[in-house]
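The file model.txt comes next; it holds compact mmCIF, C-alpha atoms.
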```
# COMPACT_ATOMS: atom_id res chain seq x y z
CA MET K 37 -2.75 -4.93 -6.49
CA ALA K 38 -3.93 -2.97 -3.47
CA LYS K 39 -6.83 -0.57 -3.74
CA THR K 40 -7.42 3.00 -2.61
CA VAL K 41 -10.88 3.63 -1.18
CA ILE K 42 -11.88 7.31 -1.06
CA MET K 43 -14.72 7.82 1.38
CA ASP K 44 -17.89 9.34 -0.04
CA HIS K 45 -20.07 9.09 3.07
CA PRO K 46 -21.79 12.45 3.71
CA LEU K 47 -20.99 12.41 7.45
CA ILE K 48 -17.29 11.88 6.76
CA GLN K 49 -17.21 14.67 4.20
CA HIS K 50 -19.12 17.06 6.48
CA LYS K 51 -16.78 16.42 9.41
CA ILE K 52 -13.67 16.80 7.25
CA GLY K 53 -15.03 20.17 6.14
CA ASN K 54 -15.26 21.20 9.79
CA ILE K 55 -11.68 20.29 10.67
CA ARG K 56 -10.34 22.10 7.60
CA ARG K 57 -11.57 25.43 9.03
CA LYS K 58 -8.67 27.36 10.57
CA GLU K 59 -10.95 28.69 13.33
CA THR K 60 -11.81 25.17 14.61
CA GLY K 61 -10.31 24.95 18.11
CA THR K 62 -8.28 22.15 19.66
CA LYS K 63 -11.15 20.51 21.56
CA ASP K 64 -13.48 20.35 18.54
CA PHE K 65 -10.65 19.37 16.20
CA ARG K 66 -9.55 16.49 18.42
CA GLN K 67 -13.11 15.24 18.92
CA THR K 68 -13.91 15.40 15.22
CA ILE K 69 -10.70 13.59 14.23
CA SER K 70 -11.77 10.76 16.53
CA GLU K 71 -15.28 10.69 15.03
CA ILE K 72 -13.93 10.63 11.45
CA ALA K 73 -11.56 7.79 12.37
CA MET K 74 -14.50 5.78 13.70
CA LEU K 75 -16.49 6.32 10.50
CA ILE K 76 -13.54 5.43 8.23
CA CYS K 77 -12.89 2.34 10.34
CA TYR K 78 -16.52 1.31 9.85
CA GLU K 79 -15.99 1.41 6.08
CA ALA K 80 -12.48 -0.09 6.17
CA THR K 81 -13.65 -3.17 8.09
CA ARG K 82 -16.45 -3.93 5.65
CA GLU K 83 -14.59 -6.91 4.17
CA LEU K 84 -13.61 -8.62 7.43
CA LYS K 85 -14.56 -12.30 7.30
CA LEU K 86 -17.45 -13.69 9.36
CA SER K 87 -18.23 -17.17 10.59
CA ASP K 88 -21.44 -18.77 11.92
CA VAL K 89 -21.68 -19.73 15.59
CA GLU K 90 -24.43 -21.31 17.67
CA ILE K 91 -25.71 -19.31 20.65
CA GLU K 92 -28.70 -19.29 23.00
CA THR K 93 -30.96 -16.26 22.89
CA PRO K 94 -33.45 -15.74 25.75
CA ILE K 95 -35.98 -17.44 23.46
CA CYS K 96 -34.20 -20.29 21.68
CA PRO K 97 -30.94 -21.50 20.09
CA ALA K 98 -29.83 -19.42 17.10
CA ARG K 99 -27.06 -19.23 14.53
CA VAL K 100 -25.36 -15.80 14.44
CA LYS K 101 -22.36 -14.15 12.81
CA GLN K 102 -19.07 -13.26 14.47
CA LEU K 103 -15.69 -12.09 13.20
CA GLN K 104 -13.57 -15.06 12.24
CA GLY K 105 -9.90 -15.78 12.28
CA LYS K 106 -7.39 -13.00 12.79
CA LYS K 107 -7.75 -10.50 15.59
CA LEU K 108 -7.12 -6.81 15.01
CA ALA K 109 -4.39 -4.34 15.93
CA VAL K 110 -4.28 -0.56 15.53
CA ILE K 111 -0.85 1.01 15.00
CA PRO K 112 -0.80 4.83 15.09
CA ILE K 113 2.19 6.70 13.69
CA LEU K 114 3.29 9.09 16.43
CA ARG K 115 2.23 11.59 17.24
CA ALA K 116 -0.75 12.66 15.15
CA GLY K 117 -1.94 9.08 14.67
CA LEU K 118 -2.81 8.96 18.37
CA GLY K 119 -5.76 11.23 17.61
CA MET K 120 -7.44 8.44 15.61
CA VAL K 121 -7.05 5.59 18.09
CA ASP K 122 -9.91 6.27 20.52
CA GLY K 123 -12.49 6.47 17.73
CA ILE K 124 -11.38 3.12 16.33
CA LEU K 125 -11.39 1.50 19.77
CA GLU K 126 -14.98 2.66 20.23
CA LEU K 127 -15.87 0.28 17.39
CA ILE K 128 -13.30 -2.44 18.13
CA PRO K 129 -12.57 -2.33 21.88
CA THR K 130 -10.71 -5.65 21.84
CA ALA K 131 -8.10 -4.46 19.31
CA LYS K 132 -4.54 -4.25 20.58
CA VAL K 133 -2.61 -1.01 20.09
CA GLY K 134 1.02 -0.57 19.06
CA HIS K 135 3.00 2.61 18.38
CA ILE K 136 5.55 3.63 15.78
CA GLY K 137 7.53 6.85 16.19
CA LEU K 138 9.40 8.42 13.26
CA TYR K 139 11.09 11.75 12.68
CA ARG K 140 12.51 13.27 9.51
CA ASP K 141 16.29 13.59 9.37
CA PRO K 142 16.97 17.29 8.58
CA ASN K 143 19.88 16.45 6.28
CA THR K 144 18.61 13.46 4.33
CA LEU K 145 14.87 14.25 4.78
CA GLN K 146 14.37 10.50 5.28
CA PRO K 147 12.20 9.08 8.11
CA VAL K 148 14.16 7.73 11.08
CA GLU K 149 12.68 5.35 13.65
CA TYR K 150 12.86 6.45 17.28
CA TYR K 151 10.20 4.16 18.78
CA CYS K 152 8.49 0.93 17.80
CA LYS K 153 6.41 -1.10 20.23
CA ILE K 154 3.85 -3.50 18.80
CA PRO K 155 1.86 -6.44 20.22
CA ALA K 156 3.92 -9.63 20.44
CA ASP K 157 1.42 -11.50 18.23
CA CYS K 158 1.11 -8.70 15.66
CA ALA K 159 2.17 -10.99 12.81
CA GLU K 160 -1.03 -12.99 13.40
CA ARG K 161 -3.30 -9.95 13.43
CA GLU K 162 -5.12 -7.84 10.87
CA ILE K 163 -3.34 -4.49 11.23
CA PHE K 164 -4.63 -0.97 10.64
CA VAL K 165 -1.86 1.63 10.50
CA VAL K 166 -3.33 5.09 11.11
CA ASP K 167 -2.16 8.66 10.55
CA PRO K 168 -4.43 11.65 9.83
CA MET K 169 -2.31 12.90 6.92
CA LEU K 170 -0.68 11.06 4.01
CA ALA K 171 1.55 13.73 2.46
CA THR K 172 4.78 12.52 0.81
CA GLY K 173 4.14 8.99 2.07
CA GLY K 174 7.66 8.67 3.49
CA SER K 175 6.73 8.09 7.14
CA SER K 176 3.75 5.87 6.34
CA SER K 177 5.78 3.74 3.95
CA GLU K 178 8.59 3.37 6.50
CA ALA K 179 6.13 2.43 9.28
CA ILE K 180 4.70 -0.34 7.11
CA ARG K 181 8.21 -1.51 6.20
CA LEU K 182 9.02 -1.79 9.92
CA LEU K 183 5.91 -3.91 10.46
CA LYS K 184 6.73 -6.20 7.54
CA GLU K 185 10.24 -6.55 8.92
CA ARG K 186 8.62 -7.93 12.07
CA GLY K 187 6.58 -10.49 10.16
CA CYS K 188 3.31 -8.58 9.68
CA ARG K 189 1.53 -9.25 6.40
CA ASN K 190 -2.16 -8.34 6.72
CA ILE K 191 -1.75 -4.57 6.77
CA HIS K 192 -4.15 -1.74 5.88
CA PHE K 193 -3.56 2.01 6.04
CA MET K 194 -6.15 4.59 7.15
CA CYS K 195 -5.83 8.37 6.87
CA ILE K 196 -8.18 11.33 6.87
CA ILE K 197 -6.58 13.45 4.13
CA ALA K 198 -4.12 12.32 1.44
CA ALA K 199 -2.14 13.94 -1.34
CA PRO K 200 -1.84 12.17 -4.71
CA GLU K 201 1.94 12.02 -4.22
CA GLY K 202 1.52 10.05 -0.98
CA VAL K 203 -0.96 7.62 -2.49
CA GLU K 204 1.37 6.99 -5.44
CA ARG K 205 4.34 6.40 -3.10
CA MET K 206 2.38 3.95 -0.96
CA HIS K 207 1.21 1.91 -3.94
CA LYS K 208 4.75 1.85 -5.32
CA ASP K 209 6.37 0.80 -2.04
CA HIS K 210 3.60 -1.45 -0.74
CA PRO K 211 1.38 -2.75 -3.56
CA ASP K 212 -0.18 -5.23 -1.12
CA VAL K 213 -1.54 -2.60 1.34
CA ASP K 214 -5.06 -1.19 0.86
CA LEU K 215 -5.53 2.53 1.57
CA TYR K 216 -8.67 3.99 3.17
CA VAL K 217 -8.76 7.74 2.67
CA GLY K 218 -11.25 10.29 3.96
CA ALA K 219 -10.48 12.85 1.22
CA LEU K 220 -7.97 12.99 -1.63
CA ASP K 221 -6.67 16.54 -1.96
CA GLU K 222 -5.07 18.43 -4.84
CA LYS K 223 -1.30 18.33 -4.25
CA LEU K 224 1.65 19.06 -1.96
CA ASN K 225 3.05 22.59 -1.75
CA GLU K 226 6.76 23.47 -1.72
CA HIS K 227 6.91 22.86 2.04
CA GLY K 228 5.39 19.37 1.81
CA TYR K 229 1.98 20.39 3.18
CA ILE K 230 -1.19 19.02 1.64
CA VAL K 231 -3.24 21.58 -0.34
CA PRO K 232 -5.89 22.58 0.68
CA GLY K 233 -5.32 20.25 3.66
CA LEU K 234 -5.80 21.45 7.23
CA GLY K 235 -2.32 22.42 8.42
CA ASP K 236 -0.28 20.36 10.88
CA ALA K 237 -2.63 17.71 12.28
CA GLY K 238 -0.41 16.97 15.29
CA ASP K 239 -0.23 20.61 16.35
CA ARG K 240 -3.98 21.02 15.95
CA ILE K 241 -4.83 17.80 17.85
CA PHE K 242 -2.57 18.58 20.78
CA GLY K 243 -2.76 22.40 20.76
CA THR K 244 0.99 22.84 20.37
CA LYS K 245 0.84 25.71 17.89
```

Please go through the file and, once you have read it, give me the structure as structure tokens.
Amino acid sequence: MAKTVIMDHPLIQHKIGNIRRKETGTKDFRQTISEIAMLICYEATRELKLSDVEIETPICPARVKQLQGKKLAVIPILRAGLGMVDGILELIPTAKVGHIGLYRDPNTLQPVEYYCKIPADCAEREIFVVDPMLATGGSSSEAIRLLKERGCRNIHFMCIIAAPEGVERMHKDHPDVDLYVGALDEKLNEHGYIVPGLGDAGDRIFGTK
């Protein structure tokens, strides 16, 4: 069974408090989203496997640690997920980046794919799907389904704020995917927004509202 890890690091909690403020402007919001993503990524990669390798230091031969096996890929869900990518790449600059675009059908309210471009070797990589908000879980669940359809198996999900409804949906649909969550909020309102949340993350990242 997959796990949900709720971040308790003081820096993460402080920065989430800042982006919740309605007066936080686009520049500061975007920068802080990136910083939070980097800090969550630091925690989410804690269990990556290491191997020993022999190197030469300026002084003598030495045995050191390096990441073993699978390489990494970051897959943001468009468009808000783009705001998390740069922070993650600061920590893991060699990670490849894919993109999944989904919109909600106004009649069925179900997520519909409009774009999916992932690295050719994604099935061999450790994948981190990222989106700032996990609300109903519909888009996130569909994005992971699309990846599994393409042979991906080692998948993790990272978000900054989640609603209990989204967490429950993700565990139901994908019991093999670990969730790394900056803050778990109270609920969804009648419009599907997370409460207390921070509003529309995409609009606030890109200044479109």

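The space between atom CA of K:Leu234 and atom CA of K:Met206 spans 21.0 Å.
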
Atomic distance atom CA of K:Val110 - atom CA of K:Gly228, expressed in Å with one decimal: 26.1 Å

Spatial neighbours of K:Phe164, max dist 7 Å, all atoms listed in the file, sep filter under 3 positions, as a ChimeraX atom specification: /K:109-111,191-194

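In this structure, atom CA of K:Gly174 sits 7.7 Å away from atom CA of K:Gly202.
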
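Shortest atom-to-atom contact with K:Asp214 among K:Asn54, K:Thr244, K:Gln102, K:Thr81: K:Thr81, counting all atoms listed in the file.
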
All residues 12 Å or closer to K:Val203, all atoms listed in the file, same chain fewer than 5 positions away omitted, as number ranges by chain: K: 38-42, 169-174, 176-177, 193-195, 197-198, 208-211, 213-217, 219-224

Pick from K:Glu59, K:Cys77, K:Val165, K:Pro94 nearest to K:Ile128, counting all atoms listed in the file: K:Cys77

Residue nearest K:Thr68 - candidates K:Arg161, K:Arg240, K:Arg115, K:Lys245, atoms counted: all atoms listed in the file: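 Result for the nearest residue to K:Thr68: K:Arg240.
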
Of the listed residues K:Glu201, K:Ile154, K:Tyr139, K:Gly53, that which approaches K:Arg186 most closely, counting all atoms listed in the file: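 Among the listed residues, the smallest separation from K:Arg186 belongs to K:Ile154.
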
Spatial neighbours of K:Gly243, 10 Å, only C-alpha atoms, chain gap at least 5 places, as number ranges by chain: K: 61-63, 65-66, 237-238

Given only C-alpha atoms as the counted atoms, nearest of K:Met120, K:Ala131, K:Ile230, K:Val100 to K:Leu75: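 Answer, going by the shortest atom-to-atom distance: K:Met120.
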
Answer as a count of residues only, residues within 10 Å of (-22.6, -13.5, 12.8) using all atoms listed in the file: 12

Of the listed residues K:Ala159, K:His135, K:Gly233, K:His207, that which approaches K:Ile55 most closely, counting all atoms listed in the file: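 Result for the nearest residue to K:Ile55: K:Gly233.
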
Polymer residues at most 9 Å from K:Val121, all atoms listed in the file, same-chain spacing of 4 or more positions, as a PyMOL selection string: chain K and resi 70+73-74+110-112+117+125-126+133+166

Could you add whatever atoms are missing so that stretch 132-155 of chain K carries N, CA and C atoms, then write the result as a PDB file, in the coordinates of the input?
```pdb
ATOM      1  N   LYS K 132      -5.759  -4.659  19.885  1.00  0.00           N
ATOM      2  CA  LYS K 132      -4.540  -4.250  20.580  1.00  0.00           C
ATOM      3  C   LYS K 132      -3.954  -3.025  19.871  1.00  0.00           C
ATOM      4  N   VAL K 133      -3.149  -2.256  20.617  1.00  0.00           N
ATOM      5  CA  VAL K 133      -2.610  -1.010  20.090  1.00  0.00           C
ATOM      6  C   VAL K 133      -1.086  -1.027  20.184  1.00  0.00           C
ATOM      7  N   GLY K 134      -0.429  -0.765  19.074  1.00  0.00           N
ATOM      8  CA  GLY K 134       1.020  -0.570  19.060  1.00  0.00           C
ATOM      9  C   GLY K 134       1.325   0.875  18.724  1.00  0.00           C
ATOM     10  N   HIS K 135       2.598   1.245  18.706  1.00  0.00           N
ATOM     11  CA  HIS K 135       3.000   2.610  18.380  1.00  0.00           C
ATOM     12  C   HIS K 135       4.282   2.590  17.579  1.00  0.00           C
ATOM     13  N   ILE K 136       4.327   3.443  16.555  1.00  0.00           N
ATOM     14  CA  ILE K 136       5.550   3.630  15.780  1.00  0.00           C
ATOM     15  C   ILE K 136       5.868   5.117  15.766  1.00  0.00           C
ATOM     16  N   GLY K 137       7.091   5.466  16.194  1.00  0.00           N
ATOM     17  CA  GLY K 137       7.530   6.850  16.190  1.00  0.00           C
ATOM     18  C   GLY K 137       8.612   7.067  15.155  1.00  0.00           C
ATOM     19  N   LEU K 138       8.436   8.083  14.310  1.00  0.00           N
ATOM     20  CA  LEU K 138       9.400   8.420  13.260  1.00  0.00           C
ATOM     21  C   LEU K 138       9.620   9.920  13.246  1.00  0.00           C
ATOM     22  N   TYR K 139      10.842  10.336  12.931  1.00  0.00           N
ATOM     23  CA  TYR K 139      11.090  11.750  12.680  1.00  0.00           C
ATOM     24  C   TYR K 139      11.859  11.880  11.372  1.00  0.00           C
ATOM     25  N   ARG K 140      11.835  13.062  10.790  1.00  0.00           N
ATOM     26  CA  ARG K 140      12.510  13.270   9.510  1.00  0.00           C
ATOM     27  C   ARG K 140      13.903  13.827   9.755  1.00  0.00           C
ATOM     28  N   ASP K 141      14.914  13.122   9.248  1.00  0.00           N
ATOM     29  CA  ASP K 141      16.290  13.590   9.370  1.00  0.00           C
ATOM     30  C   ASP K 141      16.435  14.909   8.588  1.00  0.00           C
ATOM     31  N   PRO K 142      16.918  15.982   9.250  1.00  0.00           N
ATOM     32  CA  PRO K 142      16.970  17.290   8.580  1.00  0.00           C
ATOM     33  C   PRO K 142      17.938  17.342   7.406  1.00  0.00           C
ATOM     34  N   ASN K 143      18.894  16.443   7.372  1.00  0.00           N
ATOM     35  CA  ASN K 143      19.880  16.450   6.280  1.00  0.00           C
ATOM     36  C   ASN K 143      19.434  15.596   5.101  1.00  0.00           C
ATOM     37  N   THR K 144      19.008  14.378   5.407  1.00  0.00           N
ATOM     38  CA  THR K 144      18.610  13.460   4.330  1.00  0.00           C
ATOM     39  C   THR K 144      17.127  13.563   3.986  1.00  0.00           C
ATOM     40  N   LEU K 145      16.329  14.151   4.899  1.00  0.00           N
ATOM     41  CA  LEU K 145      14.870  14.250   4.780  1.00  0.00           C
ATOM     42  C   LEU K 145      14.187  12.891   4.786  1.00  0.00           C
ATOM     43  N   GLN K 146      14.928  11.851   5.204  1.00  0.00           N
ATOM     44  CA  GLN K 146      14.370  10.500   5.280  1.00  0.00           C
ATOM     45  C   GLN K 146      13.827  10.224   6.677  1.00  0.00           C
ATOM     46  N   PRO K 147      12.752   9.411   6.792  1.00  0.00           N
ATOM     47  CA  PRO K 147      12.200   9.080   8.110  1.00  0.00           C
ATOM     48  C   PRO K 147      13.154   8.189   8.907  1.00  0.00           C
ATOM     49  N   VAL K 148      13.293   8.487  10.192  1.00  0.00           N
ATOM     50  CA  VAL K 148      14.160   7.730  11.080  1.00  0.00           C
ATOM     51  C   VAL K 148      13.324   7.223  12.252  1.00  0.00           C
ATOM     52  N   GLU K 149      13.443   5.940  12.541  1.00  0.00           N
ATOM     53  CA  GLU K 149      12.680   5.350  13.650  1.00  0.00           C
ATOM     54  C   GLU K 149      13.277   5.758  14.994  1.00  0.00           C
ATOM     55  N   TYR K 150      12.400   6.218  15.913  1.00  0.00           N
ATOM     56  CA  TYR K 150      12.860   6.450  17.280  1.00  0.00           C
ATOM     57  C   TYR K 150      12.081   5.619  18.301  1.00  0.00           C
ATOM     58  N   TYR K 151      10.981   4.986  17.855  1.00  0.00           N
ATOM     59  CA  TYR K 151      10.200   4.160  18.780  1.00  0.00           C
ATOM     60  C   TYR K 151       9.373   3.180  17.976  1.00  0.00           C
ATOM     61  N   CYS K 152       9.356   1.933  18.420  1.00  0.00           N
ATOM     62  CA  CYS K 152       8.490   0.930  17.800  1.00  0.00           C
ATOM     63  C   CYS K 152       8.138  -0.122  18.830  1.00  0.00           C
ATOM     64  N   LYS K 153       6.896  -0.137  19.248  1.00  0.00           N
ATOM     65  CA  LYS K 153       6.410  -1.100  20.230  1.00  0.00           C
ATOM     66  C   LYS K 153       5.079  -1.633  19.718  1.00  0.00           C
ATOM     67  N   ILE K 154       5.064  -2.911  19.355  1.00  0.00           N
ATOM     68  CA  ILE K 154       3.850  -3.500  18.800  1.00  0.00           C
ATOM     69  C   ILE K 154       3.510  -4.770  19.576  1.00  0.00           C
ATOM     70  N   PRO K 155       2.240  -5.206  19.520  1.00  0.00           N
ATOM     71  CA  PRO K 155       1.860  -6.440  20.220  1.00  0.00           C
ATOM     72  C   PRO K 155       2.727  -7.618  19.772  1.00  0.00           C
TER      73      PRO K 155
END
```
